[in-house]
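J.: Got a structure here, written out as structure tokens. Questions coming.
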Amino acid sequence: MRILVTGASGLIGSALVSFLAAGGHAVLRLVRTQPRPGQGEVHWDPAAGKVDPMGLQGVDAAVHLAGESIAQRWTPERKAKILQSRARGTRLLSESFARLTQPPRVLLCASAIGYYGDRGQEILNEESPSGVGFLAEVCREWEAACEPAVRRGIRVVNLRIGMVLSSRGGALARMLFPFRLGLGARIGSGKQYMSWIAIDDLLGGILHALTHETLVGPVNAVAPNPVTNLEFTKTVGRVLGRPTVLRLPAIVARLALGEMADSLLLASTRVEPARLMASGYSFCHPELEGALRRVLGK
């Protein structure tokens, strides 16, 4: 397939480009900088609402991963940027594809399990309603921005991604330093659920969604066995051979990170990958300890 990827320089995007190329697919990168000749790059400027329409011609599929990082202290200005970067870029891409004489067959657009909000021990699948809070609002608008592509008849998959386990970046990589010092700690009560996915399974799940026509709309990209924060902390410590007896009180997390702490560290989101599994995807790393040993080389 000829596959267009946005956000190709990020943690997921860079791994995906290599994964797809190794599988024999032709990969185009949608970039904000001046395209380099012969590098398979297409220019766009989502803030200005511009994309090179000629570069979109002949694309079989698109994977849209671009968006402002949420891993920063949220101010009103940053929250607006986080929301706009996702909704505006997604709508631009969807509208641009919709205008093509031969649009791609499938658009896979990243979303997040933040769609469900803080739901305690409730087991959530793709049929579950959206929650409350900033991340839920972002995800709703993000997914709604795909509507022009849906109306054009393009198969749209909204991949609701959980915490991605990779040693090269993301939440896990930021945790490793304190854990290796023996300072790994449960956060708050430790009872909040964390829905995670190994980077290998995320890449496999993306390709699965691109090639399986039955997958349409929201698809949860998480492993089938979510764990509590306490379980996660103890498992990371066991894999690294380090103690995990400390506790980070919720009030300290809130003082350090503000509103983001409630949404990312203290919220409980217990998600199952119902549609991925029903469509036949087989997880390489369904259990947390095995996934951690794989990504950490332990």
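In the structure tokens, each chain is lettered A, B, ... as it comes, each chain's residues begin at 1, and ligands are numbered from 1 in order of appearance.
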As a compact mmCIF listing (two decimals) with N, CA and C atoms, in the first residue's frame, please: every residue in region 167-294 of chain A that DSSP puts in alpha helix (DSSP H).
T.:
# COMPACT_ATOMS: atom_id res chain seq x y z
N GLY A 170 7.72 8.69 25.66
CA GLY A 170 6.42 8.53 26.26
C GLY A 170 6.51 8.40 27.77
N ALA A 171 5.38 8.01 28.37
CA ALA A 171 5.26 7.98 29.83
C ALA A 171 6.24 7.02 30.48
N LEU A 172 6.40 5.83 29.92
CA LEU A 172 7.28 4.84 30.54
C LEU A 172 8.72 5.33 30.58
N ALA A 173 9.19 5.89 29.49
CA ALA A 173 10.57 6.37 29.45
C ALA A 173 10.82 7.44 30.51
N ARG A 174 9.81 8.29 30.76
CA ARG A 174 9.97 9.33 31.79
C ARG A 174 9.99 8.73 33.19
N MET A 175 9.38 7.57 33.36
CA MET A 175 9.34 6.92 34.68
C MET A 175 10.64 6.20 35.03
N LEU A 176 11.40 5.80 34.03
CA LEU A 176 12.49 4.86 34.27
C LEU A 176 13.56 5.40 35.20
N PHE A 177 13.92 6.68 35.08
CA PHE A 177 15.00 7.23 35.92
C PHE A 177 14.69 7.11 37.41
N PRO A 178 13.54 7.61 37.88
CA PRO A 178 13.27 7.45 39.32
C PRO A 178 13.12 5.99 39.73
N PHE A 179 12.55 5.16 38.89
CA PHE A 179 12.42 3.74 39.23
C PHE A 179 13.79 3.10 39.39
N ARG A 180 14.73 3.43 38.52
CA ARG A 180 16.06 2.84 38.59
C ARG A 180 16.83 3.31 39.82
N ILE A 199 4.39 -0.99 22.38
CA ILE A 199 4.56 -0.33 21.09
C ILE A 199 4.45 -1.32 19.93
N ASP A 200 4.94 -2.56 20.11
CA ASP A 200 4.84 -3.56 19.05
C ASP A 200 3.38 -3.87 18.72
N ASP A 201 2.55 -3.96 19.75
CA ASP A 201 1.13 -4.26 19.51
C ASP A 201 0.40 -3.05 18.93
N LEU A 202 0.83 -1.86 19.28
CA LEU A 202 0.20 -0.68 18.69
C LEU A 202 0.47 -0.64 17.19
N LEU A 203 1.72 -0.91 16.80
CA LEU A 203 2.05 -0.93 15.37
C LEU A 203 1.28 -2.04 14.65
N GLY A 204 1.24 -3.22 15.27
CA GLY A 204 0.49 -4.32 14.68
C GLY A 204 -0.99 -4.01 14.60
N GLY A 205 -1.52 -3.34 15.62
CA GLY A 205 -2.93 -2.98 15.62
C GLY A 205 -3.27 -1.95 14.55
N ILE A 206 -2.36 -1.02 14.31
CA ILE A 206 -2.58 -0.03 13.24
C ILE A 206 -2.65 -0.72 11.88
N LEU A 207 -1.69 -1.59 11.60
CA LEU A 207 -1.71 -2.30 10.32
C LEU A 207 -2.96 -3.17 10.21
N HIS A 208 -3.34 -3.80 11.30
CA HIS A 208 -4.56 -4.64 11.31
C HIS A 208 -5.78 -3.79 10.97
N ALA A 209 -5.87 -2.61 11.57
CA ALA A 209 -7.02 -1.74 11.31
C ALA A 209 -7.02 -1.22 9.87
N LEU A 210 -5.85 -0.98 9.31
CA LEU A 210 -5.77 -0.52 7.93
C LEU A 210 -6.24 -1.58 6.94
N THR A 211 -6.03 -2.83 7.28
CA THR A 211 -6.28 -3.91 6.32
C THR A 211 -7.55 -4.72 6.58
N ASN A 229 -2.71 1.25 39.18
CA ASN A 229 -1.43 1.95 39.30
C ASN A 229 -0.49 1.23 40.27
N LEU A 230 -1.06 0.66 41.34
CA LEU A 230 -0.23 -0.09 42.29
C LEU A 230 0.38 -1.31 41.61
N GLU A 231 -0.43 -2.05 40.85
CA GLU A 231 0.09 -3.22 40.14
C GLU A 231 1.15 -2.82 39.13
N PHE A 232 0.91 -1.74 38.43
CA PHE A 232 1.86 -1.25 37.44
C PHE A 232 3.19 -0.91 38.11
N THR A 233 3.12 -0.18 39.22
CA THR A 233 4.33 0.23 39.94
C THR A 233 5.13 -0.97 40.40
N LYS A 234 4.46 -1.94 41.00
CA LYS A 234 5.15 -3.13 41.50
C LYS A 234 5.75 -3.94 40.35
N THR A 235 5.06 -4.01 39.22
CA THR A 235 5.57 -4.79 38.09
C THR A 235 6.81 -4.13 37.49
N VAL A 236 6.78 -2.81 37.33
CA VAL A 236 7.97 -2.12 36.83
C VAL A 236 9.15 -2.34 37.77
N GLY A 237 8.90 -2.23 39.07
CA GLY A 237 9.97 -2.45 40.05
C GLY A 237 10.52 -3.87 39.97
N ARG A 238 9.63 -4.85 39.80
CA ARG A 238 10.08 -6.24 39.73
C ARG A 238 10.93 -6.47 38.47
N VAL A 239 10.51 -5.92 37.35
CA VAL A 239 11.26 -6.09 36.11
C VAL A 239 12.64 -5.44 36.21
N LEU A 240 12.71 -4.28 36.87
CA LEU A 240 13.98 -3.56 37.01
C LEU A 240 14.79 -4.04 38.21
N ALA A 250 -1.66 12.28 46.21
CA ALA A 250 -2.38 12.96 45.13
C ALA A 250 -2.18 14.47 45.20
N ILE A 251 -2.15 15.02 46.41
CA ILE A 251 -2.01 16.47 46.54
C ILE A 251 -0.67 16.95 46.00
N VAL A 252 0.37 16.14 46.15
CA VAL A 252 1.68 16.52 45.63
C VAL A 252 1.68 16.48 44.10
N ALA A 253 1.05 15.46 43.54
CA ALA A 253 0.94 15.37 42.08
C ALA A 253 0.18 16.58 41.53
N ARG A 254 -0.88 16.99 42.22
CA ARG A 254 -1.66 18.13 41.74
C ARG A 254 -0.86 19.43 41.86
N LEU A 255 -0.09 19.58 42.94
CA LEU A 255 0.73 20.78 43.10
C LEU A 255 1.80 20.86 42.01
N ALA A 256 2.35 19.69 41.63
CA ALA A 256 3.42 19.67 40.64
C ALA A 256 2.91 19.86 39.22
N LEU A 257 1.75 19.27 38.91
CA LEU A 257 1.30 19.20 37.52
C LEU A 257 -0.04 19.87 37.27
N GLU A 259 -3.94 20.57 36.76
CA GLU A 259 -5.09 19.82 36.24
C GLU A 259 -4.68 18.55 35.52
N MET A 260 -3.50 18.57 34.88
CA MET A 260 -3.04 17.40 34.14
C MET A 260 -2.92 16.17 35.04
N ALA A 274 -12.25 -4.40 22.69
CA ALA A 274 -13.29 -5.31 22.22
C ALA A 274 -13.29 -5.49 20.71
N ARG A 275 -13.20 -4.39 19.98
CA ARG A 275 -13.30 -4.49 18.51
C ARG A 275 -12.04 -5.08 17.89
N LEU A 276 -10.88 -4.74 18.40
CA LEU A 276 -9.66 -5.35 17.89
C LEU A 276 -9.70 -6.86 18.03
N MET A 277 -10.09 -7.32 19.22
CA MET A 277 -10.10 -8.76 19.48
C MET A 277 -11.20 -9.45 18.66
N ALA A 278 -12.36 -8.82 18.54
CA ALA A 278 -13.45 -9.42 17.76
C ALA A 278 -13.09 -9.54 16.28
N LEU A 288 1.23 -7.37 31.28
CA LEU A 288 2.12 -6.24 31.52
C LEU A 288 3.57 -6.66 31.71
N GLU A 289 3.82 -7.66 32.53
CA GLU A 289 5.22 -8.01 32.82
C GLU A 289 5.95 -8.44 31.56
N GLY A 290 5.31 -9.26 30.74
CA GLY A 290 5.94 -9.68 29.50
C GLY A 290 6.21 -8.51 28.57
N ALA A 291 5.25 -7.57 28.52
CA ALA A 291 5.42 -6.39 27.67
C ALA A 291 6.59 -5.53 28.15
N LEU A 292 6.69 -5.33 29.46
CA LEU A 292 7.78 -4.53 30.00
C LEU A 292 9.13 -5.20 29.76
N ARG A 293 9.18 -6.50 29.94
CA ARG A 293 10.46 -7.20 29.71
C ARG A 293 10.87 -7.09 28.25
N ARG A 294 9.91 -7.11 27.36
CA ARG A 294 10.20 -6.95 25.94
C ARG A 294 10.75 -5.55 25.63
J.: Identify which of the residues A:Asp45, A:Glu68, A:Asp60, A:Asp118 lies closest to Gln192 (chain A), counting only C-alpha atoms when measuring atom-to-atom distances.
T.: A:Asp118
J.: May I ask for the distance between CA of Ala62 (chain A) and CA of Ser167 (chain A), given in Å to one decimal place?
T.: 26.0 Å
J.: To one decimal in Å, tell me the separation between CA of Ser263 (chain A) and CA of Leu246 (chain A).
T.: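 For CA of Ser263 (chain A) relative to CA of Leu246 (chain A), the distance reads 21.5 Å.
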J.: Which polymer residues have any atom within 9 Å of an atom of Pro226 (chain A), counting only C-alpha atoms, with same-chain residues fewer than 5 positions away left out, as a compact mmCIF listing (two decimals) with N, CA and C atoms, in the first residue's frame?
T.:
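Below is the file that was written, around29.txt:
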# COMPACT_ATOMS: atom_id res chain seq x y z
N TYR A 193 -7.12 2.58 37.51
CA TYR A 193 -6.73 1.66 36.44
C TYR A 193 -5.95 2.39 35.35
N MET A 194 -4.95 1.67 34.84
CA MET A 194 -4.12 2.16 33.74
C MET A 194 -4.29 1.19 32.57
N SER A 195 -4.71 1.72 31.42
CA SER A 195 -4.86 0.90 30.22
C SER A 195 -3.68 1.20 29.31
N TRP A 196 -2.91 0.18 28.99
CA TRP A 196 -1.62 0.34 28.34
C TRP A 196 -1.56 -0.54 27.08
N THR A 269 -9.15 4.58 34.16
CA THR A 269 -9.77 4.26 32.89
C THR A 269 -9.47 2.80 32.56
N ARG A 270 -10.47 1.94 32.76
CA ARG A 270 -10.31 0.49 32.61
C ARG A 270 -10.93 0.07 31.27
N VAL A 271 -10.11 0.00 30.24
CA VAL A 271 -10.59 -0.14 28.87
C VAL A 271 -10.25 -1.52 28.32
N GLU A 272 -11.17 -2.10 27.55
CA GLU A 272 -10.90 -3.35 26.87
C GLU A 272 -10.91 -3.15 25.36
N GLU A 287 0.06 -9.38 28.56
CA GLU A 287 0.30 -9.21 29.99
C GLU A 287 1.39 -8.17 30.22
N LEU A 288 1.23 -7.37 31.28
CA LEU A 288 2.12 -6.24 31.52
C LEU A 288 3.57 -6.66 31.71
J.: Tell me, as an MDAnalysis selection string, which residues lie within 12 Å of Cys146 (chain A), counting only C-alpha atoms; anything in the same chain fewer than 3 positions away does not count.
T.: chainID A and resid 64 86:98 106:111 139:143 149:158 217:218
J.: Would you save the residues from that selection as a CSV table (one decimal), in the first residue's frame, using C-alpha atoms?
T.:
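Produced file out24.csv, reproduced below:
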chain,number,residue,atom,x,y,z
A,64,HIS,CA,-3.0,10.7,11.2
A,86,ARG,CA,-6.0,18.0,16.8
A,87,ALA,CA,-9.4,19.2,15.6
A,88,ARG,CA,-8.0,21.7,13.0
A,89,GLY,CA,-5.4,19.4,11.6
A,90,THR,CA,-7.8,16.4,11.4
A,91,ARG,CA,-10.5,18.5,9.7
A,92,LEU,CA,-8.1,19.9,7.2
A,93,LEU,CA,-6.9,16.4,6.3
A,94,SER,CA,-10.4,15.0,6.1
A,95,GLU,CA,-11.6,17.9,3.9
A,96,SER,CA,-8.6,17.6,1.6
A,97,PHE,CA,-9.1,13.9,1.1
A,98,ALA,CA,-12.8,14.4,0.5
A,106,VAL,CA,-9.1,4.3,4.8
A,107,LEU,CA,-8.2,7.1,7.2
A,108,LEU,CA,-6.9,6.0,10.6
A,109,CYS,CA,-7.0,8.9,13.0
A,110,ALA,CA,-5.4,8.7,16.4
A,111,SER,CA,-7.6,9.4,19.4
A,139,CYS,CA,-11.2,13.4,22.0
A,140,ARG,CA,-14.8,14.1,21.0
A,141,GLU,CA,-13.9,17.1,18.8
A,142,TRP,CA,-10.9,15.2,17.4
A,143,GLU,CA,-13.1,12.3,16.3
A,149,ALA,CA,-14.0,12.0,5.3
A,150,VAL,CA,-16.9,9.8,6.5
A,151,ARG,CA,-19.4,11.7,4.3
A,152,ARG,CA,-17.1,11.1,1.3
A,153,GLY,CA,-17.3,7.4,1.9
A,154,ILE,CA,-13.8,6.9,3.3
A,155,ARG,CA,-13.6,4.2,6.0
A,156,VAL,CA,-12.5,6.1,9.1
A,157,VAL,CA,-11.0,4.4,12.2
A,158,ASN,CA,-10.6,6.4,15.4
A,217,GLY,CA,-15.3,4.1,13.9
A,218,PRO,CA,-13.8,3.9,17.4
J.: May I ask which of the residues A:Gln34, A:Gln84, A:Thr75, A:Ser130 is the closest one to Gly49 (chain A), counting only C-alpha atoms?
T.: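 Ranked by minimum distance to Gly49 (chain A), first place goes to A:Gln84.
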